[in-house]
Amino acid sequence: MTEQERILQLRKELHEHNHRYYVLNQPVISDQDFDFLMHELQELEARHPEMADPNSPSVRVGSDINQNFRQVAHRYPMLSLANTYNADDVREWYEQVSRGLEGEPFEVCCEMKYDGLSISLTYEDGKLVQAVTRGDGVQGDDVTNNVRTIRCIPLQLSPSNGFPYPRSFEIRGEILLPWDNFNRLNAEREEIGETPFANPRNAASGTLKSQNSRVVAERGLDAYLYYLLGDELPADGHIENLDIARSWGFKISEGMKKVNSLQGILDYIDYWDKERKNLPVATDGIVLKVNSLRQQRHLGFTAKSPRWAIAYKFKAERACTPLIEVTYQVGRTGAITPVANMEAVQLAGTTVRRATLNNEDFIRSFDLHIGDYVYVEKGGEIIPKIVGVDVEKRKADAEPVRFITHCPECGAQLVRYEGEAAHYCPNDTGCPPQIKGRIEHFIARKAMNIMSLGPETVDEYFQRGLIHNIADLYDLTIQQIDPSGNKRKSAQNVIDAIKESRNVPFERVVFALGIRFVGVTTAKLLARHFKDIDSLMKASLQDLLDVEMVGNVIAESIISYFHNEENLAIIQRLRDKGLQMSLSEEQTAGQTNILEGKSIVISGVFTHHSRDEYKALIEQHGGKNVGSISGKTSFILAGDNMGPSKLQKAEKLGVQIVSEEEFLGMIKDEGTVSPLALPRSEGAASPKTDSNNSPIQLDLFS
């Protein structure tokens with residue numbers, strides 16, 4: 001056998017062992033033997049680069065190469081189901097389905113509603129070719145490299161004796177982080193001083209969007225697949241299609257059940273409302289779907305959701321436990337967050353010991369006392385919150401919770417700004433959590449994008465005395481980072497990333513400075529208004545108030561920032577290191593006020609530019625990007641696959657719709673603005689429909 005033939009043989013064997021271990025839970029070899037085979041494959045692949053295959057089992061370990069996610073349009077929009085929280089709504093839905101089918105018998109598929117991140121997987125000729133997140137429902141992020149590291153997702157499908165898989169199809173599901181892996185990950189984060197994830201869903205989402213696929217591989221994500229789409233599906237029944245997909249190698253929930261009565265549905269809900277607590281992953285409800293695809297097409301859609309499916313959400317769990325003490329955390333901006341420390345209690349599969357108390361007003365609203373028995377709830381199975389106090393159990397000598405007056409980290413006296421609920425530590429240049437927080441903010445993706453650094457590295461450099469502020473990053477050397485010489489490549493990557501950040505545009509530099517209350521959008525507006533750092537630093541209160549979205553609190557914060565001598569010294573050092581302190585000539589030359597005063601919603605998939613590029617063009621020409629349609633919306637920039645719900649709302653409010661070509665025509669000539677009174681047929685792309693002229697909306701599960 002040649003080495004090339006051995007590579008193919010090993011790949012086939014390892015795919016099978018992965019499936020047995022991660023999907024069937026029936027391993028036939030030891031972990032050591034599996035690792036031995038994997039090591040052999042990796043060595044052979046290294047000797048034969050011509051045999052490279054993105055679906056080789058060796059990709060499961062991931063890569064530490066940074067990646068940027070490109071936007072991919074969904075073939076079928078990924079929209080959500082309407083939610084209900086009571087049996088009466090389920091009964092009403094069941095009766096509506098019966099009426100819609102004019103008395104024709106029907107079956108309902110009942111399945112768990114997993115609480116994770118929706119994913120769409122595309123297979124061609126049995127191989128995984130693309131994995132895309134939900135995104136905005138019309139397009140999402142291409143996370144194929146990261147998904148390839150999730151071991152329960154087949155890279156190459158198994159041949160089926162019964163039904164061969166279609167040449168091309170899509171299968172959708174949920175990416176999850178099992179409770180065991182979630183608890184392990186949070187324990188590791190707490191040990192190194194990182195903030196633990198609030199819940200498995202957030203952890204799964206953050207992991208899948210990691211720029212480093214090796215991190216994804218290490219965290220142990222799981223996946224359940226729940227919907228099959230394509231032109232050549234093997235059966236008319238939804239549950240039958242999933243049973244067949246299971247034979248191809250997909251991990252399908254064993255908890256699905258087909259029923260033919262309302263009572264069968266209610267019995268299923270009642271059973272899983274209790275039994276779900278024993279599942280290895282988070283769930284937050286039940287999904288009910290008419291099983292027949294033919295009947296689904298007959299029932300069709302409303303403007304927002306399918307008539308043939310509904311989601312029943314479980315009620316939030318609640319527990320009562322004593323409040324032991326209140327501690328206080330200092331955030332990047334100096335905001336003080338009180339935290340309730342309680343006796344441990346089980347909620348929705350996790351042990352809860354802490355819950356945020358938001359601010360002083362929140363504490364006063366409950367008249368909290370140390371030792372109080374507090375009611376804790378996980379709203380939507382997510383973040384623990386205190387929702388009440390059992391006053392009758394309060395001891396006579398219980399001490400009321402008094403909000404602190406000084407910073408727990410540096411001792412500075414706290415301040416509370418007018419109109420703000422939070423208290424702040426004003427010592428932004430001398431308070432350690434704020435210093436590290438500002439550096440972490442500075443290196444973030446939307447700021448300077450120094451992705452070779454992270455919170456752990458920032459903390460290490462701070463503890464070693466290498467950095468005390470953001471300007472110190474640009475003085476780092478390889479020798480300082482790696483005095484032993486054992487991690488030269490890693491150190492070089494850090495230095496290269498810091499050097500590359502000098503090219504980040506001015507508006508992101510403004511955001512990266514970490515001025516209190518100045519977010520991404522405000523930073524862009526400030527940069528475009530003042531054009532350079534010197535003009536911004538000299539701006540008076542009235543000058544700042546003239547900028548859109550800048551009120552007194554933001555303006556006073558900016559003035560305070562630039563009156564601090566340490567901040568001015570840091571900015572000068574950053575200027576000396578070559579950071580962009582003004583808009584580029586290209587940006588300045590392209591700026592106009594053609595769209596000034598207009599609020600614009602972007603919807604759909606575009607041909608000439610990406611959505612982010614259109615957002616930048618709108619801002620460049622004086623317009624404002626808004627996320628939702630209202631009576632104040634000037635117009636909608638619409639591409640293909642504009643969501644039907646947005647279309648309906650636009651028509652109801654009389655909001656005009658502008659096509660991609662018409663928008664580009666508006667901004668082409670600086671002195672000419674095209675009229676916005678455009679007929680519907682000319683301005684917007686129509687949503688795709690099926691053979692019955694019903695809009696295709698096929699995500700339906702979370």
# chains A, B, ... in the order shown; residues from 1 in each chain; ligands from 1
call {"tool": "residues_around", "arguments": {"residues": "Glu660 of chain A", "least_positions_apart": "5", "cutoff": "12 Å", "atoms": "only C-alpha atoms", "output": "MDAnalysis selection string"}}
result
chainID A and resid 602:611 614 636:640 665:667 682:685
call {"tool": "closest_atom_pairs", "arguments": {"of": "segment 144-179 of chain A", "to": "segment 77-88 of chain A", "cutoff": "12 Å", "atoms": "only C-alpha atoms", "output": "tab-separated table"}}
result
residue	atom	partner	partner_atom	distance
A:Glu170	CA	A:Met78	CA	12.0
A:Ile171	CA	A:Met78	CA	11.8
A:Arg172	CA	A:Met78	CA	9.4
A:Gly173	CA	A:Met78	CA	11.1
call {"tool": "write_last_selection", "arguments": {"atoms": "N, CA and C atoms", "output": "PDB file, in the first residue's frame"}}
result
ATOM      1  N   GLU A 170     -29.101  20.946   2.125  1.00  0.00           N
ATOM      2  CA  GLU A 170     -28.770  21.765   3.290  1.00  0.00           C
ATOM      3  C   GLU A 170     -29.421  21.138   4.517  1.00  0.00           C
ATOM      4  N   ILE A 171     -28.709  21.147   5.618  1.00  0.00           N
ATOM      5  CA  ILE A 171     -29.282  20.672   6.879  1.00  0.00           C
ATOM      6  C   ILE A 171     -28.990  21.721   7.945  1.00  0.00           C
ATOM      7  N   ARG A 172     -30.000  22.011   8.756  1.00  0.00           N
ATOM      8  CA  ARG A 172     -29.860  23.060   9.763  1.00  0.00           C
ATOM      9  C   ARG A 172     -29.972  22.480  11.160  1.00  0.00           C
ATOM     10  N   GLY A 173     -29.373  23.187  12.088  1.00  0.00           N
ATOM     11  CA  GLY A 173     -29.393  22.712  13.458  1.00  0.00           C
ATOM     12  C   GLY A 173     -28.893  23.753  14.426  1.00  0.00           C
TER      13      GLY A 173
END
call {"tool": "residues_around", "arguments": {"residues": "Ile239 of chain A", "least_positions_apart": "3", "cutoff": "10 Å", "atoms": "only C-alpha atoms", "output": "list in words"}}
result
Val108, Cys109, Cys110, Glu111, Tyr226, Tyr227, Leu228, Ala235, Asp236, Leu242, Asp243, Ile244, Ala245, Met256, Lys257, Lys258, Lys289, Val290, Asn291 and Ser292 of chain A
call {"tool": "closest_residue", "arguments": {"among": "A:Asp284, A:Glu45, A:Glu399, A:Glu586", "to": "Glu325 of chain A", "atoms": "only C-alpha atoms"}}
result
A:Glu399
call {"tool": "closest_residue", "arguments": {"among": "A:Phe169, A:Val90, A:Ile175, A:Thr633", "to": "Ala309 of chain A", "atoms": "only C-alpha atoms"}}
result
A:Val90
call {"tool": "closest_residue", "arguments": {"among": "A:Ser205, A:Ser168, A:Ser98, A:Thr477", "to": "Leu229 of chain A", "atoms": "only C-alpha atoms"}}
result
A:Ser168
call {"tool": "closest_residue", "arguments": {"among": "A:Ile286, A:Leu44, A:Tyr224, A:Asp475", "to": "Ser120 of chain A", "atoms": "only C-alpha atoms"}}
result
A:Tyr224
call {"tool": "select_by_dssp", "arguments": {"residues": "segment 62-187 of chain A", "states": "strand (DSSP E or B)", "output": "PyMOL selection string"}}
result
chain A and resi 71-73+83-84+108-114+117-124+127-133+139-142+156+168-176
call {"tool": "residues_around", "arguments": {"residues": "Pro505 of chain A", "least_positions_apart": "4", "cutoff": "10 Å", "atoms": "only C-alpha atoms", "output": "number ranges by chain"}}
result
A: 447-448, 501, 509-510, 527, 579-584, 587
call {"tool": "residues_around", "arguments": {"residues": "Phe250 of chain A", "least_positions_apart": "6", "cutoff": "8 Å", "atoms": "only C-alpha atoms", "output": "number ranges by chain"}}
result
A: 23, 152-154, 225
call {"tool": "closest_residue", "arguments": {"among": "A:Asp472, A:Glu102, A:Asp273, A:Glu456", "to": "Arg573 of chain A", "atoms": "only C-alpha atoms"}}
result
A:Asp472
call {"tool": "residues_around", "arguments": {"residues": "Phe562 of chain A", "least_positions_apart": "3", "cutoff": "10 Å", "atoms": "only C-alpha atoms", "output": "PyMOL selection string"}}
result
chain A and resi 515+536-539+557-559+565-568+571
call {"tool": "write_last_selection", "arguments": {"atoms": "N, CA, C and O atoms", "output": "short mmCIF file (atom, residue, chain, number, x, y, z; two decimals), in the first residue's frame"}}
result
data_model
loop_
_atom_site.label_atom_id
_atom_site.label_comp_id
_atom_site.auth_asym_id
_atom_site.auth_seq_id
_atom_site.Cartn_x
_atom_site.Cartn_y
_atom_site.Cartn_z
N ILE A 515 -12.77 56.65 25.44
CA ILE A 515 -13.41 57.80 26.11
C ILE A 515 -14.77 57.35 26.63
O ILE A 515 -15.56 56.76 25.89
N LEU A 536 -10.59 67.78 17.42
CA LEU A 536 -11.43 67.14 18.44
C LEU A 536 -10.97 67.55 19.84
O LEU A 536 -11.79 67.86 20.71
N MET A 537 -9.67 67.60 20.06
CA MET A 537 -9.15 67.96 21.39
C MET A 537 -9.48 69.40 21.75
O MET A 537 -9.69 69.73 22.92
N LYS A 538 -9.55 70.29 20.73
CA LYS A 538 -9.80 71.70 20.99
C LYS A 538 -11.29 72.04 21.06
O LYS A 538 -11.66 73.17 21.39
N ALA A 539 -12.14 71.07 20.74
CA ALA A 539 -13.58 71.35 20.62
C ALA A 539 -14.17 71.86 21.93
O ALA A 539 -13.87 71.34 23.00
N SER A 557 -17.84 64.36 29.01
CA SER A 557 -16.88 63.27 29.16
C SER A 557 -15.70 63.44 28.21
O SER A 557 -14.54 63.22 28.58
N ILE A 558 -15.98 63.87 26.97
CA ILE A 558 -14.90 64.09 26.00
C ILE A 558 -13.99 65.23 26.46
O ILE A 558 -12.75 65.11 26.40
N ILE A 559 -14.59 66.31 26.91
CA ILE A 559 -13.79 67.45 27.39
C ILE A 559 -12.93 67.04 28.58
O ILE A 559 -11.74 67.37 28.66
N GLU A 565 -3.88 65.43 31.63
CA GLU A 565 -2.52 65.51 31.09
C GLU A 565 -1.97 64.14 30.70
O GLU A 565 -1.24 64.00 29.72
N GLU A 566 -2.32 63.11 31.48
CA GLU A 566 -1.83 61.76 31.15
C GLU A 566 -2.41 61.29 29.83
O GLU A 566 -1.71 60.67 29.02
N ASN A 567 -3.68 61.56 29.61
CA ASN A 567 -4.29 61.18 28.33
C ASN A 567 -3.63 61.91 27.17
O ASN A 567 -3.39 61.32 26.10
N LEU A 568 -3.34 63.19 27.34
CA LEU A 568 -2.70 63.95 26.28
C LEU A 568 -1.30 63.41 25.97
O LEU A 568 -0.89 63.35 24.81
N ILE A 571 -1.74 60.23 23.93
CA ILE A 571 -2.10 60.52 22.54
C ILE A 571 -0.88 60.99 21.76
O ILE A 571 -0.68 60.61 20.60
#
call {"tool": "closest_residue", "arguments": {"among": "A:Lys615, A:Arg99, A:Lys209, A:His74", "to": "Arg307 of chain A", "atoms": "only C-alpha atoms"}}
result
A:Arg99
call {"tool": "atom_distance", "arguments": {"atom1": "atom CA of Leu293 of chain A", "atom2": "atom CA of Asp115 of chain A"}}
result
24.8 Å
call {"tool": "residues_around", "arguments": {"residues": "segment 390-394 of chain A", "least_positions_apart": "5", "cutoff": "7 Å", "atoms": "only C-alpha atoms", "output": "list in words"}}
result
Asp372, Tyr373 and Val374 of chain A
call {"tool": "write_last_selection", "arguments": {"atoms": "all heavy atoms", "output": "short mmCIF file (atom, residue, chain, number, x, y, z; two decimals), in the first residue's frame"}}
result
data_model
loop_
_atom_site.label_atom_id
_atom_site.label_comp_id
_atom_site.auth_asym_id
_atom_site.auth_seq_id
_atom_site.Cartn_x
_atom_site.Cartn_y
_atom_site.Cartn_z
N ASP A 372 -31.06 38.20 53.64
CA ASP A 372 -32.39 38.03 53.03
C ASP A 372 -32.47 36.76 52.19
O ASP A 372 -31.49 36.37 51.54
CB ASP A 372 -32.70 39.22 52.12
CG ASP A 372 -33.31 40.39 52.86
OD1 ASP A 372 -33.65 40.23 54.04
OD2 ASP A 372 -33.45 41.47 52.25
N TYR A 373 -33.63 36.13 52.22
CA TYR A 373 -33.90 35.04 51.28
C TYR A 373 -34.43 35.67 49.99
O TYR A 373 -35.50 36.28 49.99
CB TYR A 373 -34.91 34.05 51.87
CG TYR A 373 -34.27 33.04 52.79
CD1 TYR A 373 -33.90 33.40 54.09
CD2 TYR A 373 -33.98 31.75 52.36
CE1 TYR A 373 -33.28 32.48 54.94
CE2 TYR A 373 -33.36 30.83 53.19
CZ TYR A 373 -33.02 31.20 54.48
OH TYR A 373 -32.40 30.29 55.30
N VAL A 374 -33.64 35.54 48.93
CA VAL A 374 -33.98 36.19 47.67
C VAL A 374 -34.46 35.16 46.66
O VAL A 374 -34.00 34.01 46.65
CB VAL A 374 -32.78 36.98 47.09
CG1 VAL A 374 -32.42 38.14 47.99
CG2 VAL A 374 -31.57 36.07 46.88
#
call {"tool": "select_by_dssp", "arguments": {"residues": "segment 547-681 of chain A", "states": "alpha helix (DSSP H)", "output": "VMD selection string"}}
result
chain A and resid 552 to 562 565 to 576 585 to 590 611 to 620 644 to 653 660 to 668 680 to 681
